[in-house]
Amino acid sequence: MADNRSVLSVSIVTPDGRVYEHDGELLVIKTKLGQLGIMPNHVPVISSLEVDEVRIKHDGEEDEVAVNGGFLEFSDNVATIVADSAERQDDIDVGRAESARDRAQAAIKKAQEEHDADTLARAEVALRRAINRINVANH
C-alpha cells in the first residue's frame, strides 16, 4: 500500500552493481508497451524495459540514465530497475559509443550480405544500445 510521501525512491542496478540511486518526483521509462511516467503513490507496476533512456526528475533537475533492457518493479514509492547494463549521462564515453555504433552498422551490412539472421539480430541490438548511449550523452 502506498504511503503519503511526496517523493519516490529510484534505484538502478546491474549485474556490476548499483548505477543510480536518488529520490525524485517523476520517473519516466520506456516499457515494452510504451512510455510510462511514475509519480509518488502510483499503483504498483512490474514491466520489462526497452533499450532507452530513463529520466528521473528531482529538485528542479533531471537525471538521465541509458538503460539497456531489464525490468522495473514499483511499489510503495520505491522504483527498482534491474538492467542488463546502464550508464549515467556523465559516465558515457561518446567516442566509445560512436565506435560501437560504427561497428554495429558494419556488422549489420555484413550480416545482410551473408543473409545471417542471428548475427543481424545481435548487431541491431548493439546498434540500438550504442545510439541510446549517444542520445543520452548528448542531452
# chains A, B, ... in the order shown; residues from 1 in each chain; ligands from 1
call {"tool": "residues_around", "arguments": {"residues": "Thr80 (chain A)", "least_positions_apart": "2", "cutoff": "6 Å", "atoms": "only C-alpha atoms", "output": "ChimeraX atom specification"}}
result
/A:11-12,72-73
call {"tool": "residues_around", "arguments": {"residues": "Ile108 (chain A)", "least_positions_apart": "2", "cutoff": "6 Å", "atoms": "only C-alpha atoms", "output": "count of residues only"}}
result
6
call {"tool": "residues_around", "arguments": {"residues": "Lys30 (chain A)", "least_positions_apart": "2", "cutoff": "7 Å", "atoms": "only C-alpha atoms", "output": "PyMOL selection string"}}
result
chain A and resi 32+34-36+49-50+52
call {"tool": "residues_around", "arguments": {"residues": "Arg101 (chain A)", "least_positions_apart": "3", "cutoff": "10 Å", "atoms": "only C-alpha atoms", "output": "PyMOL selection string"}}
result
chain A and resi 95-98+104-107+123-124+126-134
call {"tool": "residues_around", "arguments": {"residues": "Ala86 (chain A)", "least_positions_apart": "4", "cutoff": "9 Å", "atoms": "only C-alpha atoms", "output": "list in words"}}
result
Ile12, Val13, Thr14, Val19, Tyr20, Val65, Ala66, Val67, Asn68 and Gly69 of chain A
call {"tool": "write_last_selection", "arguments": {"atoms": "C-alpha atoms", "output": "short mmCIF file (atom, residue, chain, number, x, y, z; two decimals), in the first residue's frame"}}
result
data_model
loop_
_atom_site.label_atom_id
_atom_site.label_comp_id
_atom_site.auth_asym_id
_atom_site.auth_seq_id
_atom_site.Cartn_x
_atom_site.Cartn_y
_atom_site.Cartn_z
CA ILE A 12 19.01 1.31 -10.95
CA VAL A 13 21.12 -1.82 -10.55
CA THR A 14 23.05 -4.00 -12.99
CA VAL A 19 24.44 2.61 -11.05
CA TYR A 20 21.97 5.17 -9.71
CA VAL A 65 20.50 7.11 -17.47
CA ALA A 66 21.00 4.96 -20.57
CA VAL A 67 19.40 1.59 -19.77
CA ASN A 68 19.85 -1.47 -21.96
CA GLY A 69 16.85 -3.67 -21.24
#
call {"tool": "atom_distance", "arguments": {"atom1": "CA of Glu62 (chain A)", "atom2": "CA of Arg18 (chain A)"}}
result
18.7 Å
call {"tool": "decode", "arguments": {"residues": "region 17-54 of chain A", "atoms": "N, CA, C and O atoms", "output": "PDB file, in the first residue's frame"}}
result
ATOM      1  N   GLY A  17      26.572  -3.917 -10.223  1.00  0.00           N
ATOM      2  CA  GLY A  17      26.317  -3.131  -9.021  1.00  0.00           C
ATOM      3  C   GLY A  17      25.337  -1.993  -9.253  1.00  0.00           C
ATOM      4  O   GLY A  17      24.734  -1.866 -10.321  1.00  0.00           O
ATOM      5  N   ARG A  18      25.197  -1.144  -8.248  1.00  0.00           N
ATOM      6  CA  ARG A  18      24.264  -0.013  -8.296  1.00  0.00           C
ATOM      7  C   ARG A  18      24.842   1.093  -9.174  1.00  0.00           C
ATOM      8  O   ARG A  18      25.961   1.531  -8.984  1.00  0.00           O
ATOM      9  N   VAL A  19      24.036   1.547 -10.131  1.00  0.00           N
ATOM     10  CA  VAL A  19      24.443   2.609 -11.049  1.00  0.00           C
ATOM     11  C   VAL A  19      23.860   3.947 -10.621  1.00  0.00           C
ATOM     12  O   VAL A  19      24.479   4.988 -10.802  1.00  0.00           O
ATOM     13  N   TYR A  20      22.667   3.913 -10.032  1.00  0.00           N
ATOM     14  CA  TYR A  20      21.968   5.165  -9.713  1.00  0.00           C
ATOM     15  C   TYR A  20      21.070   4.936  -8.507  1.00  0.00           C
ATOM     16  O   TYR A  20      20.414   3.894  -8.397  1.00  0.00           O
ATOM     17  N   GLU A  21      21.023   5.940  -7.634  1.00  0.00           N
ATOM     18  CA  GLU A  21      20.074   5.918  -6.518  1.00  0.00           C
ATOM     19  C   GLU A  21      19.788   7.359  -6.114  1.00  0.00           C
ATOM     20  O   GLU A  21      20.710   8.122  -5.834  1.00  0.00           O
ATOM     21  N   HIS A  22      18.507   7.734  -6.140  1.00  0.00           N
ATOM     22  CA  HIS A  22      18.126   9.098  -5.796  1.00  0.00           C
ATOM     23  C   HIS A  22      16.619   9.136  -5.570  1.00  0.00           C
ATOM     24  O   HIS A  22      15.880   8.354  -6.149  1.00  0.00           O
ATOM     25  N   ASP A  23      16.166  10.066  -4.751  1.00  0.00           N
ATOM     26  CA  ASP A  23      14.741  10.320  -4.608  1.00  0.00           C
ATOM     27  C   ASP A  23      14.315  11.291  -5.695  1.00  0.00           C
ATOM     28  O   ASP A  23      15.104  12.141  -6.126  1.00  0.00           O
ATOM     29  N   GLY A  24      13.083  11.175  -6.153  1.00  0.00           N
ATOM     30  CA  GLY A  24      12.603  12.063  -7.200  1.00  0.00           C
ATOM     31  C   GLY A  24      11.106  12.248  -7.145  1.00  0.00           C
ATOM     32  O   GLY A  24      10.404  11.600  -6.363  1.00  0.00           O
ATOM     33  N   GLU A  25      10.629  13.152  -8.013  1.00  0.00           N
ATOM     34  CA  GLU A  25       9.195  13.417  -8.104  1.00  0.00           C
ATOM     35  C   GLU A  25       8.556  12.717  -9.294  1.00  0.00           C
ATOM     36  O   GLU A  25       7.346  12.544  -9.340  1.00  0.00           O
ATOM     37  N   LEU A  26       9.375  12.342 -10.304  1.00  0.00           N
ATOM     38  CA  LEU A  26       8.842  11.716 -11.509  1.00  0.00           C
ATOM     39  C   LEU A  26       9.896  10.817 -12.128  1.00  0.00           C
ATOM     40  O   LEU A  26      11.056  11.208 -12.271  1.00  0.00           O
ATOM     41  N   LEU A  27       9.471   9.613 -12.515  1.00  0.00           N
ATOM     42  CA  LEU A  27      10.307   8.658 -13.224  1.00  0.00           C
ATOM     43  C   LEU A  27       9.654   8.403 -14.571  1.00  0.00           C
ATOM     44  O   LEU A  27       8.457   8.103 -14.629  1.00  0.00           O
ATOM     45  N   VAL A  28      10.410   8.557 -15.656  1.00  0.00           N
ATOM     46  CA  VAL A  28       9.885   8.310 -16.992  1.00  0.00           C
ATOM     47  C   VAL A  28      10.730   7.210 -17.636  1.00  0.00           C
ATOM     48  O   VAL A  28      11.951   7.334 -17.726  1.00  0.00           O
ATOM     49  N   ILE A  29      10.054   6.142 -18.055  1.00  0.00           N
ATOM     50  CA  ILE A  29      10.734   4.985 -18.644  1.00  0.00           C
ATOM     51  C   ILE A  29       9.994   4.524 -19.887  1.00  0.00           C
ATOM     52  O   ILE A  29       8.825   4.850 -20.078  1.00  0.00           O
ATOM     53  N   LYS A  30      10.686   3.762 -20.716  1.00  0.00           N
ATOM     54  CA  LYS A  30      10.038   3.160 -21.887  1.00  0.00           C
ATOM     55  C   LYS A  30       9.957   1.656 -21.668  1.00  0.00           C
ATOM     56  O   LYS A  30      10.975   0.978 -21.592  1.00  0.00           O
ATOM     57  N   THR A  31       8.722   1.165 -21.552  1.00  0.00           N
ATOM     58  CA  THR A  31       8.488  -0.259 -21.372  1.00  0.00           C
ATOM     59  C   THR A  31       8.238  -0.897 -22.734  1.00  0.00           C
ATOM     60  O   THR A  31       8.159  -0.203 -23.752  1.00  0.00           O
ATOM     61  N   LYS A  32       8.066  -2.201 -22.740  1.00  0.00           N
ATOM     62  CA  LYS A  32       7.750  -2.923 -23.988  1.00  0.00           C
ATOM     63  C   LYS A  32       6.406  -2.465 -24.552  1.00  0.00           C
ATOM     64  O   LYS A  32       6.159  -2.610 -25.741  1.00  0.00           O
ATOM     65  N   LEU A  33       5.549  -1.889 -23.709  1.00  0.00           N
ATOM     66  CA  LEU A  33       4.228  -1.454 -24.146  1.00  0.00           C
ATOM     67  C   LEU A  33       4.134   0.043 -24.402  1.00  0.00           C
ATOM     68  O   LEU A  33       3.080   0.540 -24.771  1.00  0.00           O
ATOM     69  N   GLY A  34       5.211   0.778 -24.184  1.00  0.00           N
ATOM     70  CA  GLY A  34       5.203   2.212 -24.418  1.00  0.00           C
ATOM     71  C   GLY A  34       5.799   2.970 -23.254  1.00  0.00           C
ATOM     72  O   GLY A  34       6.276   2.386 -22.278  1.00  0.00           O
ATOM     73  N   GLN A  35       5.754   4.290 -23.339  1.00  0.00           N
ATOM     74  CA  GLN A  35       6.341   5.148 -22.318  1.00  0.00           C
ATOM     75  C   GLN A  35       5.445   5.186 -21.085  1.00  0.00           C
ATOM     76  O   GLN A  35       4.224   5.201 -21.188  1.00  0.00           O
ATOM     77  N   LEU A  36       6.090   5.228 -19.910  1.00  0.00           N
ATOM     78  CA  LEU A  36       5.365   5.227 -18.649  1.00  0.00           C
ATOM     79  C   LEU A  36       5.965   6.281 -17.730  1.00  0.00           C
ATOM     80  O   LEU A  36       7.181   6.336 -17.563  1.00  0.00           O
ATOM     81  N   GLY A  37       5.112   7.124 -17.170  1.00  0.00           N
ATOM     82  CA  GLY A  37       5.533   8.099 -16.173  1.00  0.00           C
ATOM     83  C   GLY A  37       5.016   7.665 -14.811  1.00  0.00           C
ATOM     84  O   GLY A  37       3.838   7.324 -14.679  1.00  0.00           O
ATOM     85  N   ILE A  38       5.896   7.656 -13.820  1.00  0.00           N
ATOM     86  CA  ILE A  38       5.511   7.220 -12.479  1.00  0.00           C
ATOM     87  C   ILE A  38       5.780   8.356 -11.506  1.00  0.00           C
ATOM     88  O   ILE A  38       6.890   8.882 -11.443  1.00  0.00           O
ATOM     89  N   MET A  39       4.740   8.722 -10.768  1.00  0.00           N
ATOM     90  CA  MET A  39       4.840   9.735  -9.722  1.00  0.00           C
ATOM     91  C   MET A  39       4.594   9.059  -8.381  1.00  0.00           C
ATOM     92  O   MET A  39       4.144   7.910  -8.337  1.00  0.00           O
ATOM     93  N   PRO A  40       4.881   9.745  -7.290  1.00  0.00           N
ATOM     94  CA  PRO A  40       4.617   9.150  -5.984  1.00  0.00           C
ATOM     95  C   PRO A  40       3.169   8.666  -5.872  1.00  0.00           C
ATOM     96  O   PRO A  40       2.251   9.259  -6.439  1.00  0.00           O
ATOM     97  N   ASN A  41       2.996   7.564  -5.159  1.00  0.00           N
ATOM     98  CA  ASN A  41       1.698   6.950  -4.896  1.00  0.00           C
ATOM     99  C   ASN A  41       1.052   6.335  -6.139  1.00  0.00           C
ATOM    100  O   ASN A  41      -0.148   6.078  -6.156  1.00  0.00           O
ATOM    101  N   HIS A  42       1.847   6.061  -7.166  1.00  0.00           N
ATOM    102  CA  HIS A  42       1.366   5.348  -8.348  1.00  0.00           C
ATOM    103  C   HIS A  42       1.010   3.916  -7.945  1.00  0.00           C
ATOM    104  O   HIS A  42       1.569   3.377  -6.994  1.00  0.00           O
ATOM    105  N   VAL A  43       0.112   3.299  -8.687  1.00  0.00           N
ATOM    106  CA  VAL A  43      -0.220   1.901  -8.407  1.00  0.00           C
ATOM    107  C   VAL A  43       1.009   1.036  -8.663  1.00  0.00           C
ATOM    108  O   VAL A  43       1.872   1.393  -9.472  1.00  0.00           O
ATOM    109  N   PRO A  44       1.134  -0.099  -7.997  1.00  0.00           N
ATOM    110  CA  PRO A  44       2.285  -0.978  -8.225  1.00  0.00           C
ATOM    111  C   PRO A  44       2.381  -1.428  -9.685  1.00  0.00           C
ATOM    112  O   PRO A  44       1.360  -1.644 -10.346  1.00  0.00           O
ATOM    113  N   VAL A  45       3.611  -1.531 -10.166  1.00  0.00           N
ATOM    114  CA  VAL A  45       3.866  -1.887 -11.566  1.00  0.00           C
ATOM    115  C   VAL A  45       5.065  -2.826 -11.631  1.00  0.00           C
ATOM    116  O   VAL A  45       6.050  -2.632 -10.920  1.00  0.00           O
ATOM    117  N   ILE A  46       4.967  -3.813 -12.500  1.00  0.00           N
ATOM    118  CA  ILE A  46       6.118  -4.621 -12.899  1.00  0.00           C
ATOM    119  C   ILE A  46       6.083  -4.650 -14.412  1.00  0.00           C
ATOM    120  O   ILE A  46       5.050  -4.958 -15.008  1.00  0.00           O
ATOM    121  N   SER A  47       7.226  -4.303 -15.056  1.00  0.00           N
ATOM    122  CA  SER A  47       7.235  -4.245 -16.511  1.00  0.00           C
ATOM    123  C   SER A  47       8.638  -4.481 -17.043  1.00  0.00           C
ATOM    124  O   SER A  47       9.625  -4.107 -16.410  1.00  0.00           O
ATOM    125  N   SER A  48       8.717  -5.087 -18.218  1.00  0.00           N
ATOM    126  CA  SER A  48      10.013  -5.223 -18.895  1.00  0.00           C
ATOM    127  C   SER A  48      10.300  -3.936 -19.656  1.00  0.00           C
ATOM    128  O   SER A  48       9.392  -3.238 -20.097  1.00  0.00           O
ATOM    129  N   LEU A  49      11.592  -3.615 -19.777  1.00  0.00           N
ATOM    130  CA  LEU A  49      12.008  -2.333 -20.350  1.00  0.00           C
ATOM    131  C   LEU A  49      12.645  -2.493 -21.717  1.00  0.00           C
ATOM    132  O   LEU A  49      13.281  -3.504 -22.009  1.00  0.00           O
ATOM    133  N   GLU A  50      12.508  -1.461 -22.517  1.00  0.00           N
ATOM    134  CA  GLU A  50      13.188  -1.351 -23.801  1.00  0.00           C
ATOM    135  C   GLU A  50      14.576  -0.757 -23.588  1.00  0.00           C
ATOM    136  O   GLU A  50      14.866  -0.192 -22.528  1.00  0.00           O
ATOM    137  N   VAL A  51      15.406  -0.843 -24.604  1.00  0.00           N
ATOM    138  CA  VAL A  51      16.673  -0.119 -24.617  1.00  0.00           C
ATOM    139  C   VAL A  51      16.305   1.342 -24.833  1.00  0.00           C
ATOM    140  O   VAL A  51      15.799   1.707 -25.891  1.00  0.00           O
ATOM    141  N   ASP A  52      16.514   2.171 -23.822  1.00  0.00           N
ATOM    142  CA  ASP A  52      16.127   3.576 -23.919  1.00  0.00           C
ATOM    143  C   ASP A  52      16.665   4.328 -22.707  1.00  0.00           C
ATOM    144  O   ASP A  52      17.285   3.737 -21.823  1.00  0.00           O
ATOM    145  N   GLU A  53      16.393   5.617 -22.672  1.00  0.00           N
ATOM    146  CA  GLU A  53      16.814   6.420 -21.532  1.00  0.00           C
ATOM    147  C   GLU A  53      15.776   6.319 -20.425  1.00  0.00           C
ATOM    148  O   GLU A  53      14.596   6.117 -20.677  1.00  0.00           O
ATOM    149  N   VAL A  54      16.250   6.443 -19.197  1.00  0.00           N
ATOM    150  CA  VAL A  54      15.392   6.581 -18.030  1.00  0.00           C
ATOM    151  C   VAL A  54      15.628   7.990 -17.517  1.00  0.00           C
ATOM    152  O   VAL A  54      16.772   8.425 -17.375  1.00  0.00           O
TER     153      VAL A  54
END
